[in-house]
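Below: final-v2.txt (compact mmCIF, C-alpha atoms)
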```txt
# COMPACT_ATOMS: atom_id res chain seq x y z
CA MET E 1 88.51 95.89 40.14
CA ILE E 2 87.14 93.61 37.45
CA LYS E 3 87.82 94.19 33.80
CA ASN E 4 85.88 93.42 30.64
CA ILE E 5 82.44 93.04 32.22
CA LEU E 6 79.69 93.47 29.64
CA ILE E 7 76.40 95.26 30.14
CA PHE E 8 73.39 93.01 30.24
CA ILE E 9 70.88 93.43 27.42
CA ILE E 10 67.69 92.68 29.30
CA LEU E 11 64.74 92.18 27.01
CA PHE E 12 61.50 92.01 28.95
CA THR E 13 59.12 90.81 26.28
CA ALA E 14 55.75 89.34 27.07
CA PRO E 15 56.39 85.84 28.40
CA ALA E 16 54.82 82.85 26.73
CA TYR E 17 54.73 80.90 29.96
CA ALA E 18 54.36 81.84 33.61
CA ASN E 19 57.59 80.13 34.63
CA LYS E 20 59.52 82.26 32.10
CA GLU E 21 58.08 85.35 33.70
CA GLU E 22 59.32 84.09 37.06
CA ASP E 23 62.74 83.30 35.59
CA LYS E 24 63.04 86.81 34.19
CA ALA E 25 61.98 88.31 37.51
CA GLU E 26 64.62 86.22 39.27
CA PHE E 27 67.17 87.24 36.65
CA LYS E 28 66.33 90.93 37.18
CA SER E 29 66.77 90.56 40.94
CA LEU E 30 70.10 88.75 40.57
CA TYR E 31 71.25 91.31 38.03
CA ALA E 32 70.62 94.11 40.53
CA GLU E 33 72.55 92.19 43.20
CA PHE E 34 75.36 91.58 40.72
CA ASN E 35 75.59 95.28 39.89
CA ASP E 36 75.67 96.24 43.57
CA LEU E 37 78.45 93.77 44.36
CA TYR E 38 80.41 94.74 41.27
CA ALA E 39 80.27 98.40 42.27
CA ASN E 40 80.97 97.97 45.99
CA SER E 41 82.67 94.66 46.79
CA GLU E 42 86.43 94.28 47.01
CA ALA E 43 86.10 90.48 47.11
CA ILE E 44 85.66 88.60 43.86
CA ASP E 45 84.06 85.40 45.22
CA PRO E 46 80.67 86.92 46.13
CA ILE E 47 80.44 88.42 42.63
CA ILE E 48 81.24 85.05 41.07
CA GLU E 49 78.59 83.40 43.24
CA VAL E 50 75.89 85.69 41.86
CA ALA E 51 77.30 85.42 38.33
CA GLU E 52 77.02 81.62 38.59
CA LYS E 53 73.33 81.99 39.47
CA LEU E 54 72.82 84.29 36.49
CA TYR E 55 74.60 81.69 34.33
CA LYS E 56 72.06 79.06 35.38
CA ILE E 57 68.96 81.22 35.05
CA ALA E 58 69.76 83.13 31.81
CA PRO E 59 69.16 80.19 29.39
CA LYS E 60 65.78 79.54 31.01
CA ALA E 61 64.80 83.20 31.03
CA PHE E 62 65.97 84.19 27.54
CA GLY E 63 67.01 81.00 25.75
CA LYS E 64 70.39 79.37 25.28
CA LYS E 65 71.03 81.21 22.01
CA SER E 66 70.30 84.72 23.23
CA LYS E 67 72.48 87.79 23.56
CA ASN E 68 71.69 87.98 27.25
CA ASN E 69 72.97 84.46 27.78
CA ALA E 70 76.13 85.31 25.82
CA VAL E 71 76.78 88.33 28.05
CA VAL E 72 76.29 86.23 31.19
CA ILE E 73 78.76 83.61 29.95
CA TYR E 74 81.39 86.22 29.05
CA ASN E 75 81.10 88.00 32.39
CA LEU E 76 81.52 84.75 34.31
CA ALA E 77 84.53 83.85 32.14
CA SER E 78 86.12 87.23 32.86
CA LEU E 79 85.58 86.83 36.60
CA TYR E 80 87.15 83.37 36.70
CA ASP E 81 89.95 84.67 34.47
CA GLU E 82 90.77 87.43 36.94
CA LYS E 83 90.50 85.12 39.92
CA GLY E 84 92.74 82.58 38.18
CA ALA E 85 95.39 85.22 37.58
CA ARG E 86 95.40 85.90 41.33
CA SER E 87 95.18 82.39 42.67
CA SER E 88 94.94 79.10 40.80
CA SER E 89 95.08 77.48 37.38
CA ARG E 90 91.81 75.67 38.19
CA ASP E 91 89.94 78.97 37.89
CA GLU E 92 91.71 79.76 34.63
CA LYS E 93 90.57 76.39 33.27
CA LYS E 94 86.99 77.33 34.19
CA ALA E 95 87.48 80.65 32.43
CA LEU E 96 88.79 78.94 29.30
CA GLY E 97 85.79 76.60 29.12
CA LEU E 98 83.42 79.54 29.46
CA TYR E 99 85.28 81.59 26.82
CA GLU E 100 85.01 78.65 24.41
CA GLU E 101 81.30 78.37 25.14
CA TYR E 102 80.91 82.12 24.60
CA PHE E 103 82.60 82.18 21.19
CA ARG E 104 80.64 79.14 20.02
CA LEU E 105 77.47 81.04 20.92
CA LEU E 106 78.67 84.19 19.11
CA TYR E 107 79.24 82.03 16.02
CA ASP E 108 75.71 80.67 16.25
CA LEU E 109 74.38 84.21 16.67
CA GLY E 110 76.31 85.43 13.63
CA THR E 111 78.05 88.12 15.67
CA PRO E 112 80.27 90.37 13.54
CA LYS E 113 84.01 90.25 14.27
CA ASP E 114 84.48 93.91 15.14
CA LYS E 115 86.84 95.66 17.57
CA ALA E 116 84.82 94.58 20.60
CA TYR E 117 84.95 90.99 19.38
CA LEU E 118 88.74 91.26 18.88
CA GLU E 119 89.27 92.61 22.40
CA GLN E 120 87.30 89.73 23.87
CA TYR E 121 89.09 87.23 21.64
CA GLN E 122 92.47 88.44 22.88
CA ALA E 123 91.37 87.80 26.48
CA PHE E 124 90.39 84.28 25.42
CA MET E 125 93.69 83.86 23.56
CA GLN E 126 95.78 84.75 26.61
CA THR E 127 93.79 82.40 28.84
CA HIS E 128 94.04 79.61 26.25
CA TYR E 129 97.83 79.90 26.23
CA ASN E 130 98.02 80.17 30.03
CA VAL E 131 96.05 76.94 30.44
CA LYS E 132 97.27 74.90 27.48
CA LYS E 133 100.88 76.16 27.59
CA LYS E 134 103.02 74.11 25.18
CA LYS E 135 99.90 72.29 23.96
CA SER E 136 98.28 75.56 22.92
CA GLU E 137 97.18 75.90 19.32
CA ASP E 138 98.80 78.30 16.87
CA LEU E 139 95.39 78.68 15.24
CA ILE E 140 94.31 80.85 18.18
CA THR E 141 96.97 83.52 17.64
CA ASP E 142 96.61 83.25 13.86
CA THR E 143 92.87 83.92 14.20
CA ALA E 144 93.48 86.99 16.39
CA LEU E 145 95.81 88.43 13.75
CA GLU E 146 93.42 87.54 10.93
CA ILE E 147 90.64 89.45 12.70
CA ALA E 148 92.91 92.40 13.45
CA TYR E 149 94.09 92.79 9.86
CA SER E 150 90.54 92.44 8.53
CA LEU E 151 89.45 95.52 10.48
CA ASN E 152 90.19 99.16 9.83
CA LEU E 153 92.56 99.48 12.80
CA THR E 154 95.14 102.16 13.44
CA ASP E 155 98.84 101.29 13.41
CA LEU E 156 98.88 101.47 17.22
CA GLU E 157 95.97 99.08 17.49
CA ILE E 158 97.72 96.65 15.14
CA ALA E 159 100.95 97.05 17.14
CA ASN E 160 99.16 96.16 20.37
CA VAL E 161 97.71 92.99 18.84
CA GLU E 162 101.10 91.96 17.40
CA TYR E 163 102.75 92.59 20.78
CA THR E 164 100.09 90.59 22.63
CA VAL E 165 100.48 87.69 20.21
CA GLY E 166 104.26 87.80 20.61
CA LEU E 167 103.97 87.79 24.39
CA VAL E 168 101.62 84.84 24.69
CA ARG E 169 103.78 82.88 22.27
CA ILE E 170 107.14 83.54 23.90
CA LEU E 171 105.84 82.98 27.41
CA ASN E 172 104.60 79.58 26.31
CA ARG E 173 107.74 78.60 24.42
CA LYS E 174 106.15 78.96 20.99
CA LEU E 175 109.27 80.53 19.54
CA GLU E 176 108.98 79.85 15.82
CA ASN E 177 108.20 83.08 13.94
CA THR E 178 107.51 84.86 17.24
CA ASP E 179 110.24 87.41 16.51
CA SER E 180 108.28 88.59 13.46
CA HIS E 181 105.35 89.65 15.68
CA PHE E 182 107.64 91.56 18.02
CA SER E 183 109.48 93.12 15.08
CA ASN E 184 106.20 94.30 13.52
CA ALA E 185 105.11 95.82 16.83
CA LEU E 186 108.55 97.39 17.37
CA LYS E 187 108.46 99.16 14.02
CA LEU E 188 104.95 100.52 14.56
CA PHE E 189 105.56 101.65 18.15
CA THR E 190 108.88 103.29 17.19
CA ASN E 191 107.23 105.18 14.33
CA GLU E 192 104.53 106.45 16.69
CA TYR E 193 106.41 107.06 19.96
CA GLY E 194 110.10 107.21 19.11
CA SER E 195 112.94 104.87 20.06
CA SER E 196 113.00 105.65 23.81
CA HIS E 197 109.41 104.72 24.66
CA SER E 198 108.83 102.05 27.31
CA LEU E 199 106.94 99.79 24.86
CA VAL E 200 109.96 99.90 22.57
CA GLY E 201 112.14 98.92 25.53
CA GLU E 202 109.87 96.00 26.42
CA ILE E 203 109.90 94.64 22.88
CA GLU E 204 113.69 95.01 22.62
CA TYR E 205 113.89 92.93 25.81
CA TRP E 206 111.78 90.10 24.40
CA LEU E 207 113.66 90.15 21.10
CA ALA E 208 116.90 89.89 23.11
CA MET E 209 115.49 86.84 24.88
CA LEU E 210 114.77 85.26 21.49
CA ASP E 211 118.33 86.09 20.41
CA LEU E 212 119.60 84.22 23.47
CA GLU E 213 117.62 81.16 22.39
CA LYS E 214 119.35 81.34 19.00
CA ARG E 215 122.75 81.96 20.66
CA GLU E 216 123.01 85.27 18.84
CA TYR E 217 124.96 86.68 21.78
CA VAL E 218 126.28 89.86 20.18
CA ARG E 219 122.84 90.90 18.94
CA ALA E 220 121.29 90.00 22.31
CA SER E 221 123.88 92.16 24.07
CA ASP E 222 123.08 95.11 21.82
CA ARG E 223 119.37 94.77 22.53
CA PHE E 224 119.83 94.47 26.31
CA GLU E 225 122.03 97.57 26.21
CA LYS E 226 119.15 99.42 24.51
CA VAL E 227 116.76 98.23 27.22
CA VAL E 228 119.11 99.55 29.92
CA ALA E 229 119.42 102.88 28.12
CA ILE E 230 115.63 103.23 27.84
CA PHE E 231 114.74 102.19 31.39
CA SER E 232 117.59 103.74 33.38
CA ASP E 233 115.52 106.87 34.03
CA GLY E 234 114.00 105.18 37.09
CA ARG E 235 110.44 104.63 35.88
CA PRO E 236 108.90 102.24 38.43
CA ASP E 237 107.11 99.99 35.94
CA ALA E 238 110.41 99.00 34.33
CA SER E 239 112.35 97.56 37.28
CA GLY E 240 112.02 93.95 36.14
CA PHE E 241 113.14 94.65 32.57
CA LEU E 242 116.05 96.76 33.81
CA LYS E 243 117.26 94.32 36.47
CA ASN E 244 117.04 91.30 34.17
CA SER E 245 118.81 93.14 31.38
CA HIS E 246 121.72 93.93 33.71
CA LEU E 247 121.78 90.27 34.75
CA TYR E 248 121.84 88.92 31.21
CA LEU E 249 124.50 91.44 30.20
CA ILE E 250 126.74 90.18 33.03
CA LYS E 251 126.31 86.62 31.79
CA LEU E 252 126.81 87.64 28.16
CA TYR E 253 129.96 89.60 29.03
CA TYR E 254 131.24 86.51 30.80
CA VAL E 255 130.51 84.28 27.78
CA GLN E 256 132.21 86.82 25.51
CA GLU E 257 135.19 87.04 27.92
CA LYS E 258 134.60 90.69 28.70
CA SER E 259 135.09 92.35 32.11
CA ALA E 260 131.68 91.34 33.44
CA PHE E 261 132.37 91.94 37.12
CA GLU E 262 134.04 95.29 36.66
CA SER E 263 131.15 96.63 34.62
CA ASP E 264 128.40 98.94 35.81
CA HIS E 265 125.92 96.15 35.06
CA PHE E 266 127.32 94.11 37.95
CA THR E 267 126.96 96.94 40.46
CA GLU E 268 123.54 97.95 39.17
CA TYR E 269 122.20 94.41 39.31
CA LEU E 270 123.29 94.03 42.93
CA ARG E 271 121.67 97.36 43.77
CA LEU E 272 118.37 96.47 42.10
CA GLU E 273 118.18 92.83 43.23
CA HIS E 274 119.72 93.07 46.71
CA ASN E 275 119.55 96.81 47.45
CA TRP E 276 123.27 96.59 48.05
CA ILE E 277 126.44 97.92 46.45
CA PRO E 278 129.73 96.08 47.21
CA ARG E 279 132.43 98.03 48.96
CA ASP E 280 135.42 98.57 46.70
CA ASN E 281 137.93 97.45 49.35
CA ILE E 282 136.54 93.91 49.47
CA LYS E 283 134.88 93.65 46.08
CA ASP E 284 135.68 90.39 44.32
CA ASN E 285 138.16 89.34 46.99
CA PRO E 286 141.16 91.66 46.39
CA ASP E 287 144.69 90.62 47.24
CA GLU E 288 144.73 92.33 50.64
CA TYR E 289 141.96 90.08 51.93
CA LEU E 290 142.59 86.50 50.81
CA PRO E 291 141.46 83.38 52.66
CA THR E 292 144.06 81.26 54.45
CA VAL E 293 142.01 78.16 53.61
CA ARG E 294 139.98 77.94 50.41
CA ALA E 295 138.10 74.75 49.58
CA ASN E 296 137.49 73.95 45.94
CA PRO E 297 133.86 73.19 45.05
CA TYR E 298 132.81 69.93 43.45
CA TYR E 299 132.09 70.31 39.75
CA PRO E 300 128.44 69.37 39.15
CA ALA E 301 128.30 66.12 37.18
CA ARG E 302 125.60 67.39 34.83
CA ALA E 303 127.67 70.48 33.98
CA ALA E 304 130.85 68.46 33.44
CA GLU E 305 129.07 65.88 31.26
CA ASN E 306 127.66 68.64 29.05
CA GLY E 307 130.82 70.73 28.92
CA ILE E 308 129.20 73.65 30.76
CA GLU E 309 131.42 76.23 32.47
CA GLY E 310 130.22 79.01 34.72
CA PHE E 311 130.53 81.11 37.84
CA VAL E 312 128.88 81.87 41.14
CA ILE E 313 129.28 84.99 43.23
CA VAL E 314 128.79 84.33 46.94
CA LYS E 315 128.44 86.83 49.76
CA PHE E 316 129.15 86.14 53.41
CA THR E 317 130.39 87.47 56.72
CA VAL E 318 133.81 86.64 58.21
CA ASP E 319 133.49 86.37 61.99
CA THR E 320 136.07 87.19 64.66
CA ASN E 321 137.51 83.67 64.41
CA GLY E 322 138.04 83.99 60.67
CA ASP E 323 135.20 81.59 59.80
CA THR E 324 132.57 82.36 57.18
CA LYS E 325 128.88 82.51 57.99
CA ASP E 326 125.61 83.52 56.32
CA VAL E 327 126.91 82.38 52.93
CA ILE E 328 124.48 83.06 50.07
CA SER E 329 124.63 83.12 46.30
CA ILE E 330 123.91 86.56 44.90
CA LEU E 331 124.58 85.86 41.23
CA SER E 332 125.36 82.84 39.08
CA SER E 333 125.63 81.85 35.46
CA ASP E 334 123.49 78.79 36.24
CA GLU E 335 121.73 77.59 39.38
CA MET E 336 123.37 74.16 39.06
CA PHE E 337 126.63 75.68 40.36
CA GLU E 338 125.21 77.43 43.42
CA ARG E 339 124.83 74.66 46.00
CA ASN E 340 128.43 73.40 45.71
CA SER E 341 129.74 76.97 45.76
CA ILE E 342 127.93 77.76 49.00
CA LYS E 343 129.26 74.55 50.56
CA ALA E 344 132.82 75.39 49.52
CA ALA E 345 132.67 79.01 50.72
CA SER E 346 131.29 77.84 54.07
CA LYS E 347 134.63 76.06 54.65
CA TYR E 348 136.81 79.11 53.93
CA LYS E 349 139.10 80.37 56.69
CA TYR E 350 140.41 83.91 56.97
CA LYS E 351 142.90 85.65 59.16
CA PRO E 352 140.65 87.68 61.46
CA ARG E 353 140.58 91.39 60.72
CA MET E 354 142.04 93.40 63.57
CA VAL E 355 140.99 96.92 64.52
CA ASP E 356 142.81 98.57 67.44
CA GLY E 357 144.10 95.17 68.52
CA GLU E 358 140.71 93.45 68.52
CA ALA E 359 139.20 91.04 66.01
CA VAL E 360 136.10 92.37 64.24
CA GLU E 361 133.54 90.84 61.91
CA VAL E 362 133.67 91.77 58.25
CA THR E 363 130.34 91.79 56.45
CA ASP E 364 129.50 91.76 52.76
CA VAL E 365 132.59 89.88 51.63
CA ILE E 366 132.02 88.69 48.08
CA VAL E 367 133.97 86.05 46.19
CA ARG E 368 133.67 84.85 42.63
CA ILE E 369 133.94 81.08 42.24
CA GLU E 370 134.55 79.89 38.71
CA PHE E 371 133.97 76.48 37.19
CA LYS E 372 136.36 75.81 34.34
CA LEU E 373 136.93 72.56 32.49
CA GLU E 374 140.55 71.65 31.83
CA GLY E 375 141.48 71.59 28.16
```
What would you get if you wrote out this structure as structure tokens?
Amino acid sequence: MIKNILIFIILFTAPAYANKEEDKAEFKSLYAEFNDLYANSEAIDPIIEVAEKLYKIAPKAFGKKSKNNAVVIYNLASLYDEKGARSSSRDEKKALGLYEEYFRLLYDLGTPKDKAYLEQYQAFMQTHYNVKKKKSEDLITDTALEIAYSLNLTDLEIANVEYTVGLVRILNRKLENTDSHFSNALKLFTNEYGSSHSLVGEIEYWLAMLDLEKREYVRASDRFEKVVAIFSDGRPDASGFLKNSHLYLIKLYYVQEKSAFESDHFTEYLRLEHNWIPRDNIKDNPDEYLPTVRANPYYPARAAENGIEGFVIVKFTVDTNGDTKDVISILSSDEMFERNSIKAASKYKYKPRMVDGEAVEVTDVIVRIEFKLEG
């Protein structure tokens, strides 16, 4: 359940004072309880409770600048880190403070910066970026890379560090030079695994996202197409990358004035996101099923002021009176267009569909609403 827990180095030397002997005895008892909970408990809070007690007693039992105290601090940091990932940023902040305390202690102890140190530092690095976000320090990622390249690591180990650095930077909007870390990892992973490996697909996805930021739309399209080609074999761990790549390709096709809504990306996105494939006879509102009343949506002021055009695809049911109901947005170029599109489509009127002389409901009607600026 819990990752990165270190083994306690319990040194039972002859105590100088009676209270230290008692502290070590208490530590030993708590350590046994900690091990039992760690091995058998599914809940993280009871483990943290005991780890907090160990955190208080370790400096008294072994000294503040002891290896045992360092291990206790790291374990408690890892526990709060995992709990924070599940629940709240408050726990991640606790984890970050403990990680910082841990690495200050390692510095005081003169701990060598080996592979184990690097692994722990990367955990700290990710938590630092999660907590600090845009205020995070580039020095943290630079230090991780400096340690990695100072060690005798394999190409795969270097690739993993470069990829981790790229991820924490892009997820926290630290975009400058981030593509170089992904590119380094991409080259190393491709050399080792080939061009169709899932890690290659993931990195191509993140590089495509960086291309979008730079408005390099053609290059972004090429990368997203590679992601789709890699992940279309149905591997379960890739659903998010695959779905989002289809989505961005639809938007990129639209920007590049390609046939976005006739492409396989449109159908595949609807299947992955909504578990639904539009029926060809009503797809995109064909001529044989046009509304008798079609209200135009209001153009969002923010979009008009900034010269932004776009689209929304809405889905709804036409009832036996020809009114629309259950109108939802299933795809849009920008969320700012969705609310007005739903309002407009809710006012549509259709000639009821007749089957054997009786009006019937028609479900899964989809309509594309476009927002175009004149001139």
Query - Selected residue, from E:Lys115, E:Leu175, E:Ser239, E:Val200, that lies nearest to E:Leu153 when counting only C-alpha atoms - result: E:Lys115
Query raised in the report: Got a sec to check which residues sit within 9 Å of (104.3, 89.6, 14.0), counting all atoms listed in the file, and write them as a PyMOL selection string?
Result: chain E and resi 145+159+161-163+165-166+177-185
Could I get the residues of stretch 47-93 of chain E with an atom no further than 12 Å from an atom of stretch 132-138 of chain E, each paired with its nearest atom pair and that distance in Å to one decimal, using all atoms listed in the file, sorted by chain and residue number, as CSV?
```
residue,atom,partner,partner_atom,distance
E:Ser89,CA,E:Lys132,CA,10.5
E:Glu92,CA,E:Lys132,CA,10.3
E:Lys93,CA,E:Lys132,CA,9.0
```
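Here the question is which of E:Glu213, E:Glu202, E:Asp334, E:Asp155 gets nearest to E:Phe231 using all atoms listed in the file, and that residue is E:Glu202.
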**Report entry** Polymer residues at most 10 Å from E:Asp211, all atoms listed in the file, same-chain spacing of 5 or more positions, as a list in words
**Finding:**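 Contacts, in chain order: Asp179, Tyr205, Trp206, Glu216, Tyr217, Val218, Arg219, Ala220, Ser221 and Arg223 of chain E.
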Query raised in the report: What is the atom CA of E:Arg90-atom CA of E:Val71 distance in Å, reported with one decimal?
Result: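 Between these atoms lies a distance of 22.1 Å.
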Query raised in the report: From the set E:Arg169, E:Tyr149, E:Arg104, E:Pro46, which residue has the shortest atom-to-atom contact distance to E:Met125, counting all atoms listed in the file?
Result: E:Arg169
Report summary line: In Å and to one decimal, atom CA of E:Asn152 is distant from atom CA of E:Glu204 by 27.1 Å
Report summary line: Taken to one decimal, the atom CA of E:Asp23-atom CA of E:Lys60 distance is 6.7 Å
Report summary line: From the list E:Leu373, E:Ala85, E:Ile147, E:Ala70, the nearest residue to E:Leu105 using only C-alpha atoms is E:Ala70
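Checking E:Asp108, E:Glu305, E:Asp81, E:Glu21 one by one against E:Lys64, counting only C-alpha atoms, you find the shortest gap at E:Asp108.
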Requested in this report: Would you kindly return, as a list in words, each protein, DNA or RNA residue with an atom no farther than 12 Å from any atom of E:Ala116, considering only C-alpha atoms and excluding same-chain residues fewer than 2 positions away?
Outcome: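 Near neighbours after the sequence-gap exclusion: Asn4, Ile5, Leu6, Thr111, Pro112, Lys113, Asp114, Leu118, Glu119, Gln120, Tyr121, Gln122, Ala123, Ile147, Ala148 and Leu151 of chain E.
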If we count only C-alpha atoms and set the cut-off at 10 Å, which residues sit around stretch 248-262 of chain E, ignoring sequence neighbours fewer than 2 positions away in its own chain? Please answer as a tab-separated table (two decimals) with C-alpha atoms, in the frame of the given file.
```tsv
chain	number	residue	atom	x	y	z
E	208	ALA	CA	116.90	89.89	23.11
E	209	MET	CA	115.49	86.84	24.88
E	212	LEU	CA	119.60	84.22	23.47
E	217	TYR	CA	124.96	86.68	21.78
E	218	VAL	CA	126.28	89.86	20.18
E	220	ALA	CA	121.29	90.00	22.31
E	221	SER	CA	123.88	92.16	24.07
E	222	ASP	CA	123.08	95.11	21.82
E	223	ARG	CA	119.37	94.77	22.53
E	224	PHE	CA	119.83	94.47	26.31
E	225	GLU	CA	122.03	97.57	26.21
E	228	VAL	CA	119.11	99.55	29.92
E	243	LYS	CA	117.26	94.32	36.47
E	244	ASN	CA	117.04	91.30	34.17
E	245	SER	CA	118.81	93.14	31.38
E	246	HIS	CA	121.72	93.93	33.71
E	264	ASP	CA	128.40	98.94	35.81
E	265	HIS	CA	125.92	96.15	35.06
E	266	PHE	CA	127.32	94.11	37.95
E	267	THR	CA	126.96	96.94	40.46
E	269	TYR	CA	122.20	94.41	39.31
E	283	LYS	CA	134.88	93.65	46.08
E	284	ASP	CA	135.68	90.39	44.32
E	309	GLU	CA	131.42	76.23	32.47
E	310	GLY	CA	130.22	79.01	34.72
E	311	PHE	CA	130.53	81.11	37.84
E	313	ILE	CA	129.28	84.99	43.23
E	331	LEU	CA	124.58	85.86	41.23
E	332	SER	CA	125.36	82.84	39.08
E	333	SER	CA	125.63	81.85	35.46
E	334	ASP	CA	123.49	78.79	36.24
E	368	ARG	CA	133.67	84.85	42.63
```
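Taking all atoms listed in the file into account, E:Asp45 lies nearest to E:Gly84 out of the set E:Leu156, E:Phe62, E:Asp323, E:Gly84.
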